[in-house]
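*Asks:* The structure is given below, and queries will be raised subsequently.
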Amino acid sequence: NAGVTQTPKFQVLKTGQSMTLQCAQDMNHNSMYWYRQDPGMGLRLIYYSASEGTTDKGEVPNGYNVSRLNKREFSLRLESAAPSQTSVYFCASSDYRFHTEAFFGQGTRLTVV
Amino acid sequence: EDQVTQSPEALRLQEGESSSLNCSYTVSGLRGLFWYRQDPGKGPEFLFTLYSAGEEKEKERLKATLTKKESFLHITAPKPEDSATYLCAVFKAAGNKLTFGGGTRVLVKP
């Protein structure tokens, strides 16, 4: 009963490096989300995918790209990491058709030096 | 523009001292309001969903209520294990996205 699984849990990058954060859910949810959480800023939406095959920008999309690989998987890519992208990243999923709650992964703590 | 504001930012309580957290929102076409609990180093954990004004939900020492402009999370006789950050979020059908408030950090001292 895994729910939402994120990998990796921790990552340190050098400025300019690229990486992809992986997220998978096993609850057959339509919608998936990527948030970042910074001290004092709450959870801010980066990108979301309302359903398979669609993606949309959230509040803070600059510097990120996403791919909804299939119904289960939604990845977040940093093409050229910057120190301002140091944050904790959370993936979540929900079934928007029934306006139900979103379930979250355990987060990826990313540090860009 | 949609906004979700939580107050206070932080709350220090003595064990047994009841209090309330506020979540005010300006969202058109609200489809649901959610409360989450987040412990340090972990992802948010779902607590309640409220769909319409007047609705109330309870779970142990927590009770959530909803009006047309705000929601309250009441903590009755809290215990140290209730210490956490409490987040509220709103879901609107247009755009299918979940927007969070900044959270309230609650510390309950024995």
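Going by the structure tokens order, chains are called A, B, ..., each with residues numbered from 1, while ligands are numbered from 1 in the order shown.
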Would you give me, as a JSON list (two decimals) with N, CA, C and O atoms, in the first residue's frame, the residues of chain A that come within 12 Å of chain B, using only C-alpha atoms?

*Replies:*
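Output file out30.json follows:
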```json
[["chain", "number", "residue", "atom", "x", "y", "z"],
["A", 3, "GLY", "N", 0.95, 4.21, -1.94],
["A", 3, "GLY", "CA", 0.43, 5.56, -2.04],
["A", 3, "GLY", "C", 1.20, 6.35, -3.09],
["A", 3, "GLY", "O", 1.20, 6.02, -4.26],
["A", 4, "VAL", "N", 1.90, 7.41, -2.64],
["A", 4, "VAL", "CA", 2.69, 8.26, -3.53],
["A", 4, "VAL", "C", 4.16, 8.07, -3.15],
["A", 4, "VAL", "O", 4.53, 8.27, -2.00],
["A", 5, "THR", "N", 4.97, 7.70, -4.12],
["A", 5, "THR", "CA", 6.38, 7.42, -3.88],
["A", 5, "THR", "C", 7.24, 8.40, -4.66],
["A", 5, "THR", "O", 7.07, 8.55, -5.87],
["A", 6, "GLN", "N", 8.14, 9.07, -3.98],
["A", 6, "GLN", "CA", 9.06, 10.02, -4.60],
["A", 6, "GLN", "C", 10.48, 9.51, -4.49],
["A", 6, "GLN", "O", 10.88, 8.97, -3.46],
["A", 9, "LYS", "N", 15.12, 10.84, -2.07],
["A", 9, "LYS", "CA", 14.71, 11.55, -0.84],
["A", 9, "LYS", "C", 15.59, 12.75, -0.58],
["A", 9, "LYS", "O", 15.14, 13.75, -0.02],
["A", 10, "PHE", "N", 16.85, 12.66, -0.94],
["A", 10, "PHE", "CA", 17.80, 13.75, -0.75],
["A", 10, "PHE", "C", 18.66, 13.87, -2.00],
["A", 10, "PHE", "O", 18.97, 12.87, -2.64],
["A", 30, "ASN", "N", -6.44, 10.57, -11.17],
["A", 30, "ASN", "CA", -6.28, 11.29, -12.43],
["A", 30, "ASN", "C", -5.26, 12.41, -12.33],
["A", 30, "ASN", "O", -4.52, 12.66, -13.26],
["A", 31, "SER", "N", -5.31, 13.14, -11.22],
["A", 31, "SER", "CA", -4.53, 14.37, -11.10],
["A", 31, "SER", "C", -3.27, 14.17, -10.28],
["A", 31, "SER", "O", -3.28, 13.46, -9.27],
["A", 32, "MET", "N", -2.20, 14.85, -10.73],
["A", 32, "MET", "CA", -0.94, 14.81, -9.99],
["A", 32, "MET", "C", -0.35, 16.21, -9.95],
["A", 32, "MET", "O", -0.60, 17.03, -10.84],
["A", 33, "TYR", "N", 0.41, 16.48, -8.89],
["A", 33, "TYR", "CA", 0.89, 17.83, -8.61],
["A", 33, "TYR", "C", 2.35, 17.79, -8.16],
["A", 33, "TYR", "O", 2.78, 16.84, -7.51],
["A", 34, "TRP", "N", 3.06, 18.87, -8.45],
["A", 34, "TRP", "CA", 4.37, 19.11, -7.87],
["A", 34, "TRP", "C", 4.35, 20.44, -7.12],
["A", 34, "TRP", "O", 3.95, 21.47, -7.68],
["A", 35, "TYR", "N", 4.75, 20.39, -5.84],
["A", 35, "TYR", "CA", 4.84, 21.57, -5.00],
["A", 35, "TYR", "C", 6.27, 21.73, -4.51],
["A", 35, "TYR", "O", 7.00, 20.76, -4.38],
["A", 36, "ARG", "N", 6.62, 22.95, -4.18],
["A", 36, "ARG", "CA", 7.83, 23.19, -3.42],
["A", 36, "ARG", "C", 7.45, 23.87, -2.11],
["A", 36, "ARG", "O", 6.46, 24.62, -2.04],
["A", 37, "GLN", "N", 8.23, 23.57, -1.08],
["A", 37, "GLN", "CA", 7.95, 24.13, 0.24],
["A", 37, "GLN", "C", 9.20, 24.78, 0.77],
["A", 37, "GLN", "O", 10.23, 24.12, 0.96],
["A", 38, "ASP", "N", 9.12, 26.07, 1.04],
["A", 38, "ASP", "CA", 10.22, 26.84, 1.58],
["A", 38, "ASP", "C", 9.80, 27.43, 2.91],
["A", 38, "ASP", "O", 8.62, 27.70, 3.12],
["A", 39, "PRO", "N", 10.75, 27.63, 3.82],
["A", 39, "PRO", "CA", 10.41, 28.18, 5.14],
["A", 39, "PRO", "C", 9.61, 29.48, 5.01],
["A", 39, "PRO", "O", 10.00, 30.39, 4.30],
["A", 40, "GLY", "N", 8.48, 29.54, 5.70],
["A", 40, "GLY", "CA", 7.66, 30.75, 5.70],
["A", 40, "GLY", "C", 6.84, 30.99, 4.45],
["A", 40, "GLY", "O", 6.13, 31.99, 4.34],
["A", 41, "MET", "N", 6.94, 30.08, 3.45],
["A", 41, "MET", "CA", 6.24, 30.29, 2.17],
["A", 41, "MET", "C", 5.12, 29.28, 1.95],
["A", 41, "MET", "O", 4.38, 29.38, 0.99],
["A", 42, "GLY", "N", 4.98, 28.32, 2.80],
["A", 42, "GLY", "CA", 3.95, 27.32, 2.58],
["A", 42, "GLY", "C", 4.26, 26.46, 1.36],
["A", 42, "GLY", "O", 5.38, 26.43, 0.85],
["A", 43, "LEU", "N", 3.26, 25.78, 0.87],
["A", 43, "LEU", "CA", 3.39, 24.92, -0.31],
["A", 43, "LEU", "C", 2.98, 25.72, -1.54],
["A", 43, "LEU", "O", 1.86, 26.23, -1.61],
["A", 44, "ARG", "N", 3.87, 25.81, -2.51],
["A", 44, "ARG", "CA", 3.58, 26.54, -3.74],
["A", 44, "ARG", "C", 3.56, 25.58, -4.92],
["A", 44, "ARG", "O", 4.47, 24.79, -5.09],
["A", 45, "LEU", "N", 2.54, 25.70, -5.73],
["A", 45, "LEU", "CA", 2.33, 24.79, -6.85],
["A", 45, "LEU", "C", 3.26, 25.15, -8.00],
["A", 45, "LEU", "O", 3.30, 26.29, -8.46],
["A", 46, "ILE", "N", 4.02, 24.16, -8.47],
["A", 46, "ILE", "CA", 4.95, 24.37, -9.57],
["A", 46, "ILE", "C", 4.24, 24.04, -10.89],
["A", 46, "ILE", "O", 4.12, 24.86, -11.78],
["A", 47, "TYR", "N", 3.81, 22.80, -11.02],
["A", 47, "TYR", "CA", 3.06, 22.31, -12.18],
["A", 47, "TYR", "C", 2.04, 21.30, -11.69],
["A", 47, "TYR", "O", 2.21, 20.70, -10.64],
["A", 48, "TYR", "N", 1.02, 21.10, -12.49],
["A", 48, "TYR", "CA", 0.09, 20.03, -12.19],
["A", 48, "TYR", "C", -0.40, 19.41, -13.48],
["A", 48, "TYR", "O", -0.29, 19.99, -14.57],
["A", 49, "SER", "N", -0.95, 18.21, -13.32],
["A", 49, "SER", "CA", -1.50, 17.47, -14.44],
["A", 49, "SER", "C", -2.89, 16.99, -14.03],
["A", 49, "SER", "O", -3.02, 16.12, -13.19],
["A", 50, "ALA", "N", -3.91, 17.63, -14.61],
["A", 50, "ALA", "CA", -5.28, 17.30, -14.22],
["A", 50, "ALA", "C", -5.65, 15.87, -14.65],
["A", 50, "ALA", "O", -6.43, 15.19, -13.99],
["A", 51, "SER", "N", -5.10, 15.45, -15.76],
["A", 51, "SER", "CA", -5.36, 14.10, -16.24],
["A", 51, "SER", "C", -4.20, 13.69, -17.14],
["A", 51, "SER", "O", -3.40, 14.52, -17.58],
["A", 54, "THR", "N", -2.17, 15.83, -20.02],
["A", 54, "THR", "CA", -2.25, 17.29, -19.87],
["A", 54, "THR", "C", -1.35, 17.75, -18.74],
["A", 54, "THR", "O", -1.21, 17.06, -17.73],
["A", 55, "THR", "N", -0.73, 18.91, -18.93],
["A", 55, "THR", "CA", 0.03, 19.54, -17.86],
["A", 55, "THR", "C", -0.22, 21.05, -17.91],
["A", 55, "THR", "O", -0.45, 21.60, -18.99],
["A", 56, "ASP", "N", -0.18, 21.67, -16.74],
["A", 56, "ASP", "CA", -0.41, 23.12, -16.66],
["A", 56, "ASP", "C", 0.52, 23.74, -15.65],
["A", 56, "ASP", "O", 0.90, 23.09, -14.67],
["A", 57, "LYS", "N", 0.84, 25.02, -15.86],
["A", 57, "LYS", "CA", 1.70, 25.74, -14.94],
["A", 57, "LYS", "C", 0.94, 26.12, -13.68],
["A", 57, "LYS", "O", -0.25, 26.42, -13.72],
["A", 58, "GLY", "N", 1.68, 26.10, -12.56],
["A", 58, "GLY", "CA", 1.14, 26.59, -11.31],
["A", 58, "GLY", "C", 1.66, 27.98, -11.03],
["A", 58, "GLY", "O", 1.87, 28.78, -11.93],
["A", 59, "GLU", "N", 1.90, 28.27, -9.74],
["A", 59, "GLU", "CA", 2.37, 29.60, -9.33],
["A", 59, "GLU", "C", 3.81, 29.90, -9.70],
["A", 59, "GLU", "O", 4.17, 31.03, -10.02],
["A", 88, "VAL", "N", 12.31, 21.88, -0.49],
["A", 88, "VAL", "CA", 11.76, 20.54, -0.34],
["A", 88, "VAL", "C", 10.62, 20.41, -1.35],
["A", 88, "VAL", "O", 9.73, 21.25, -1.39],
["A", 89, "TYR", "N", 10.69, 19.38, -2.16],
["A", 89, "TYR", "CA", 9.71, 19.17, -3.23],
["A", 89, "TYR", "C", 8.78, 18.03, -2.87],
["A", 89, "TYR", "O", 9.21, 16.97, -2.45],
["A", 90, "PHE", "N", 7.49, 18.28, -3.04],
["A", 90, "PHE", "CA", 6.47, 17.28, -2.76],
["A", 90, "PHE", "C", 5.65, 17.00, -4.00],
["A", 90, "PHE", "O", 5.23, 17.91, -4.72],
["A", 91, "CYS", "N", 5.41, 15.72, -4.21],
["A", 91, "CYS", "CA", 4.49, 15.28, -5.24],
["A", 91, "CYS", "C", 3.19, 14.86, -4.56],
["A", 91, "CYS", "O", 3.22, 14.36, -3.44],
["A", 92, "ALA", "N", 2.07, 15.08, -5.23],
["A", 92, "ALA", "CA", 0.78, 14.68, -4.68],
["A", 92, "ALA", "C", -0.12, 14.19, -5.80],
["A", 92, "ALA", "O", 0.10, 14.48, -6.98],
["A", 93, "SER", "N", -1.15, 13.43, -5.41],
["A", 93, "SER", "CA", -2.12, 12.98, -6.40],
["A", 93, "SER", "C", -3.52, 13.03, -5.80],
["A", 93, "SER", "O", -3.69, 12.98, -4.58],
["A", 94, "SER", "N", -4.52, 13.17, -6.67],
["A", 94, "SER", "CA", -5.91, 13.20, -6.21],
["A", 94, "SER", "C", -6.82, 12.77, -7.34],
["A", 94, "SER", "O", -6.40, 12.67, -8.50],
["A", 95, "ASP", "N", -8.08, 12.54, -7.00],
["A", 95, "ASP", "CA", -9.08, 12.24, -8.02],
["A", 95, "ASP", "C", -10.00, 13.43, -8.12],
["A", 95, "ASP", "O", -10.97, 13.53, -7.36],
["A", 96, "TYR", "N", -9.70, 14.36, -9.01],
["A", 96, "TYR", "CA", -10.41, 15.63, -9.04],
["A", 96, "TYR", "C", -11.87, 15.46, -9.39],
["A", 96, "TYR", "O", -12.69, 16.30, -9.07],
["A", 97, "ARG", "N", -12.21, 14.35, -10.03],
["A", 97, "ARG", "CA", -13.61, 14.19, -10.44],
["A", 97, "ARG", "C", -14.52, 14.19, -9.22],
["A", 97, "ARG", "O", -15.68, 14.59, -9.31],
["A", 98, "PHE", "N", -14.02, 13.72, -8.09],
["A", 98, "PHE", "CA", -14.84, 13.64, -6.89],
["A", 98, "PHE", "C", -14.39, 14.67, -5.85],
["A", 98, "PHE", "O", -14.84, 14.62, -4.72],
["A", 99, "HIS", "N", -13.53, 15.58, -6.25],
["A", 99, "HIS", "CA", -13.07, 16.66, -5.37],
["A", 99, "HIS", "C", -12.59, 16.11, -4.04],
["A", 99, "HIS", "O", -12.90, 16.63, -2.98],
["A", 100, "THR", "N", -11.86, 15.04, -4.09],
["A", 100, "THR", "CA", -11.37, 14.43, -2.86],
["A", 100, "THR", "C", -9.98, 14.94, -2.53],
["A", 100, "THR", "O", -9.34, 15.63, -3.31],
["A", 101, "GLU", "N", -9.53, 14.55, -1.36],
["A", 101, "GLU", "CA", -8.25, 15.05, -0.86],
["A", 101, "GLU", "C", -7.09, 14.57, -1.70],
["A", 101, "GLU", "O", -7.17, 13.55, -2.39],
["A", 102, "ALA", "N", -6.00, 15.30, -1.64],
["A", 102, "ALA", "CA", -4.75, 14.90, -2.29],
["A", 102, "ALA", "C", -3.89, 14.15, -1.28],
["A", 102, "ALA", "O", -3.88, 14.46, -0.09],
["A", 103, "PHE", "N", -3.18, 13.16, -1.79],
["A", 103, "PHE", "CA", -2.24, 12.39, -0.98],
["A", 103, "PHE", "C", -0.82, 12.77, -1.40],
["A", 103, "PHE", "O", -0.54, 12.90, -2.59],
["A", 104, "PHE", "N", 0.04, 12.91, -0.41],
["A", 104, "PHE", "CA", 1.38, 13.42, -0.65],
["A", 104, "PHE", "C", 2.44, 12.34, -0.48],
["A", 104, "PHE", "O", 2.28, 11.43, 0.33],
["A", 105, "GLY", "N", 3.53, 12.52, -1.22],
["A", 105, "GLY", "CA", 4.72, 11.73, -0.97],
["A", 105, "GLY", "C", 5.49, 12.29, 0.20],
["A", 105, "GLY", "O", 5.09, 13.28, 0.82],
["A", 106, "GLN", "N", 6.63, 11.66, 0.50],
["A", 106, "GLN", "CA", 7.41, 12.04, 1.67],
["A", 106, "GLN", "C", 8.36, 13.19, 1.39],
["A", 106, "GLN", "O", 9.00, 13.70, 2.31],
["A", 107, "GLY", "N", 8.48, 13.60, 0.13],
["A", 107, "GLY", "CA", 9.29, 14.77, -0.18],
["A", 107, "GLY", "C", 10.69, 14.44, -0.64],
["A", 107, "GLY", "O", 11.25, 13.38, -0.32],
["A", 108, "THR", "N", 11.27, 15.37, -1.41],
["A", 108, "THR", "CA", 12.67, 15.32, -1.82],
["A", 108, "THR", "C", 13.32, 16.61, -1.36],
["A", 108, "THR", "O", 12.88, 17.70, -1.72],
["A", 109, "ARG", "N", 14.35, 16.45, -0.54],
["A", 109, "ARG", "CA", 15.08, 17.62, -0.05],
["A", 109, "ARG", "C", 16.23, 17.89, -1.00],
["A", 109, "ARG", "O", 17.16, 17.09, -1.07]]
```

*Asks:* Residues within 12 Å of Gly63 (chain A), please, as an MDAnalysis selection string. Count only C-alpha atoms; anything in the same chain fewer than 5 positions from it doesn't count.

*Replies:* chainID A and resid 16 18:19 46:47 57 76:85

*Asks:* Can those selected residues be exported to a file as an mmCIF file, in the first residue's frame so that it contains N, CA, C and O atoms?

*Replies:*
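Dumped to again-v4.cif:
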```
data_model
loop_
_atom_site.group_PDB
_atom_site.id
_atom_site.type_symbol
_atom_site.label_atom_id
_atom_site.label_comp_id
_atom_site.auth_asym_id
_atom_site.auth_seq_id
_atom_site.Cartn_x
_atom_site.Cartn_y
_atom_site.Cartn_z
ATOM 1 N N GLY A 16 23.867 24.693 -12.198
ATOM 2 C CA GLY A 16 23.987 24.371 -13.614
ATOM 3 C C GLY A 16 23.744 22.910 -13.949
ATOM 4 O O GLY A 16 23.501 22.577 -15.119
ATOM 5 N N SER A 18 21.694 19.304 -14.043
ATOM 6 C CA SER A 18 20.290 18.977 -14.272
ATOM 7 C C SER A 18 19.939 17.697 -13.513
ATOM 8 O O SER A 18 20.824 16.896 -13.181
ATOM 9 N N MET A 19 18.657 17.536 -13.225
ATOM 10 C CA MET A 19 18.198 16.307 -12.610
ATOM 11 C C MET A 19 16.690 16.183 -12.769
ATOM 12 O O MET A 19 15.999 17.187 -13.034
ATOM 13 N N ILE A 46 4.016 24.155 -8.466
ATOM 14 C CA ILE A 46 4.946 24.367 -9.571
ATOM 15 C C ILE A 46 4.243 24.035 -10.890
ATOM 16 O O ILE A 46 4.119 24.857 -11.784
ATOM 17 N N TYR A 47 3.806 22.797 -11.024
ATOM 18 C CA TYR A 47 3.059 22.311 -12.177
ATOM 19 C C TYR A 47 2.043 21.298 -11.685
ATOM 20 O O TYR A 47 2.210 20.695 -10.637
ATOM 21 N N LYS A 57 0.842 25.018 -15.865
ATOM 22 C CA LYS A 57 1.698 25.742 -14.937
ATOM 23 C C LYS A 57 0.938 26.120 -13.679
ATOM 24 O O LYS A 57 -0.248 26.422 -13.716
ATOM 25 N N LEU A 76 9.427 15.685 -12.542
ATOM 26 C CA LEU A 76 9.783 17.112 -12.512
ATOM 27 C C LEU A 76 11.256 17.244 -12.866
ATOM 28 O O LEU A 76 12.094 16.603 -12.227
ATOM 29 N N ARG A 77 11.580 18.064 -13.852
ATOM 30 C CA ARG A 77 12.963 18.207 -14.296
ATOM 31 C C ARG A 77 13.484 19.621 -14.075
ATOM 32 O O ARG A 77 12.784 20.597 -14.401
ATOM 33 N N LEU A 78 14.686 19.677 -13.530
ATOM 34 C CA LEU A 78 15.409 20.937 -13.416
ATOM 35 C C LEU A 78 16.500 20.894 -14.477
ATOM 36 O O LEU A 78 17.404 20.053 -14.403
ATOM 37 N N GLU A 79 16.412 21.732 -15.473
ATOM 38 C CA GLU A 79 17.367 21.678 -16.584
ATOM 39 C C GLU A 79 18.724 22.255 -16.204
ATOM 40 O O GLU A 79 19.756 21.749 -16.599
ATOM 41 N N SER A 80 18.715 23.339 -15.452
ATOM 42 C CA SER A 80 19.959 24.001 -15.048
ATOM 43 C C SER A 80 19.724 24.545 -13.648
ATOM 44 O O SER A 80 19.214 25.647 -13.475
ATOM 45 N N ALA A 81 20.107 23.743 -12.662
ATOM 46 C CA ALA A 81 19.743 24.067 -11.283
ATOM 47 C C ALA A 81 20.389 25.372 -10.812
ATOM 48 O O ALA A 81 21.539 25.688 -11.156
ATOM 49 N N ALA A 82 19.624 26.108 -9.998
ATOM 50 C CA ALA A 82 20.094 27.357 -9.409
ATOM 51 C C ALA A 82 19.918 27.286 -7.896
ATOM 52 O O ALA A 82 19.023 26.580 -7.408
ATOM 53 N N PRO A 83 20.732 28.024 -7.130
ATOM 54 C CA PRO A 83 20.580 28.010 -5.669
ATOM 55 C C PRO A 83 19.170 28.354 -5.206
ATOM 56 O O PRO A 83 18.728 27.863 -4.164
ATOM 57 N N SER A 84 18.445 29.174 -5.972
ATOM 58 C CA SER A 84 17.071 29.544 -5.600
ATOM 59 C C SER A 84 16.122 28.350 -5.668
ATOM 60 O O SER A 84 14.987 28.433 -5.160
ATOM 61 N N GLN A 85 16.559 27.261 -6.262
ATOM 62 C CA GLN A 85 15.726 26.063 -6.330
ATOM 63 C C GLN A 85 15.982 25.103 -5.166
ATOM 64 O O GLN A 85 15.394 24.016 -5.115
#
```

*Asks:* Between CA of Gln11 (chain A) and CA of Leu110 (chain A), what distance in Å does the model show, to one decimal?

*Replies:*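 It comes out at 4.9 Å.
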
*Asks:* Skip region 24-27 of chain B itself and residues of its chain fewer than 4 positions away, then list as a VMD selection string all residues within 9 Å of it, counting only C-alpha atoms.

*Replies:* chain B and resid 1 to 7 68 to 72 90 to 92 101

*Asks:* List every residue of chain B that DSSP, applied to the backbone of this structure, places in strand (DSSP E or B), and write the result as a VMD selection string.

*Replies:* chain B and resid 3 to 7 10 to 14 19 to 26 30 to 38 45 to 50 56 to 59 62 to 66 70 to 75 84 to 92 97 to 100 104 to 109

*Asks:* Compile the contact shell of His74 (chain B) as a list in words: residues with an atom at most 12 Å away, counting only C-alpha atoms, same-chain residues fewer than 4 positions apart removed.

*Replies:* Glu17, Ser18, Ser19, Ser20, Leu21, Asn22, Cys23, Trp35, Glu56, Lys57, Glu58, Lys59, Glu60, Arg61, Leu62, Lys63, Ala64, Thr65, Leu66, Pro78, Asp82, Tyr86 and Val106 of chain B

*Asks:* Kindly give the distance, in Å, that separates CA of Ala2 (chain A) and CA of Asn70 (chain A), rounded to a single decimal.

*Replies:* 17.6 Å

*Asks:* Please indicate the distance in Å from CA of Phe74 (chain A) to CA of Gln25 (chain A), rounded to one decimal place.

*Replies:*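 Going from CA of Phe74 (chain A) over to CA of Gln25 (chain A) covers 8.8 Å.
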
*Asks:* What are the DSSP helix (DSSP H, G or I) residues of chain A, as a PyMOL selection string?

*Replies:* chain A and resi 83-85+96-98

*Asks:* Take the residues just selected and output them with N, CA and C atoms as an mmCIF file, in the first residue's frame.

*Replies:*
```
data_model
loop_
_atom_site.group_PDB
_atom_site.id
_atom_site.type_symbol
_atom_site.label_atom_id
_atom_site.label_comp_id
_atom_site.auth_asym_id
_atom_site.auth_seq_id
_atom_site.Cartn_x
_atom_site.Cartn_y
_atom_site.Cartn_z
ATOM 1 N N PRO A 83 20.732 28.024 -7.130
ATOM 2 C CA PRO A 83 20.580 28.010 -5.669
ATOM 3 C C PRO A 83 19.170 28.354 -5.206
ATOM 4 N N SER A 84 18.445 29.174 -5.972
ATOM 5 C CA SER A 84 17.071 29.544 -5.600
ATOM 6 C C SER A 84 16.122 28.350 -5.668
ATOM 7 N N GLN A 85 16.559 27.261 -6.262
ATOM 8 C CA GLN A 85 15.726 26.063 -6.330
ATOM 9 C C GLN A 85 15.982 25.103 -5.166
ATOM 10 N N TYR A 96 -9.704 14.358 -9.008
ATOM 11 C CA TYR A 96 -10.410 15.631 -9.038
ATOM 12 C C TYR A 96 -11.869 15.464 -9.390
ATOM 13 N N ARG A 97 -12.209 14.355 -10.028
ATOM 14 C CA ARG A 97 -13.615 14.191 -10.437
ATOM 15 C C ARG A 97 -14.524 14.193 -9.217
ATOM 16 N N PHE A 98 -14.016 13.722 -8.091
ATOM 17 C CA PHE A 98 -14.839 13.640 -6.887
ATOM 18 C C PHE A 98 -14.394 14.666 -5.851
#
```

*Asks:* Using only C-alpha atoms, which of the listed residues (B:Pro8, B:Pro40, B:Gly54, B:Pro80) sits closest to Pro110 (chain B)?

*Replies:*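 Among the listed residues, B:Pro80 lies closest to Pro110 (chain B).
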
*Asks:* Applying 6 Å and only C-alpha atoms, which residues near Glu73 (chain A) remain after dropping the ones on its own chain fewer than 3 positions away? List them as an mmCIF file with all heavy atoms, in the first residue's frame.

*Replies:*
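Full text of around31.cif as output:
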```
data_model
loop_
_atom_site.group_PDB
_atom_site.id
_atom_site.type_symbol
_atom_site.label_atom_id
_atom_site.label_comp_id
_atom_site.auth_asym_id
_atom_site.auth_seq_id
_atom_site.Cartn_x
_atom_site.Cartn_y
_atom_site.Cartn_z
ATOM 1 N N CYS A 23 8.112 10.658 -9.479
ATOM 2 C CA CYS A 23 6.938 10.468 -8.620
ATOM 3 C C CYS A 23 6.033 9.427 -9.249
ATOM 4 O O CYS A 23 5.758 9.495 -10.460
ATOM 5 C CB CYS A 23 6.187 11.788 -8.456
ATOM 6 S SG CYS A 23 4.653 11.641 -7.505
ATOM 7 N N ALA A 24 5.548 8.502 -8.433
ATOM 8 C CA ALA A 24 4.612 7.492 -8.897
ATOM 9 C C ALA A 24 3.540 7.276 -7.853
ATOM 10 O O ALA A 24 3.818 7.295 -6.655
ATOM 11 C CB ALA A 24 5.345 6.175 -9.183
ATOM 12 N N LEU A 69 4.183 10.887 -17.666
ATOM 13 C CA LEU A 69 4.642 9.745 -18.452
ATOM 14 C C LEU A 69 3.499 8.776 -18.745
ATOM 15 O O LEU A 69 3.431 8.185 -19.816
ATOM 16 C CB LEU A 69 5.767 9.041 -17.696
ATOM 17 C CG LEU A 69 6.953 9.966 -17.348
ATOM 18 C CD1 LEU A 69 7.896 9.272 -16.380
ATOM 19 C CD2 LEU A 69 7.686 10.393 -18.604
ATOM 20 N N ASN A 70 2.638 8.585 -17.793
ATOM 21 C CA ASN A 70 1.459 7.730 -17.905
ATOM 22 C C ASN A 70 0.557 8.104 -16.729
ATOM 23 O O ASN A 70 0.838 9.085 -16.023
ATOM 24 C CB ASN A 70 1.836 6.242 -17.887
ATOM 25 C CG ASN A 70 2.809 5.910 -16.772
ATOM 26 O OD1 ASN A 70 2.515 6.193 -15.608
ATOM 27 N ND2 ASN A 70 3.956 5.353 -17.099
#
```
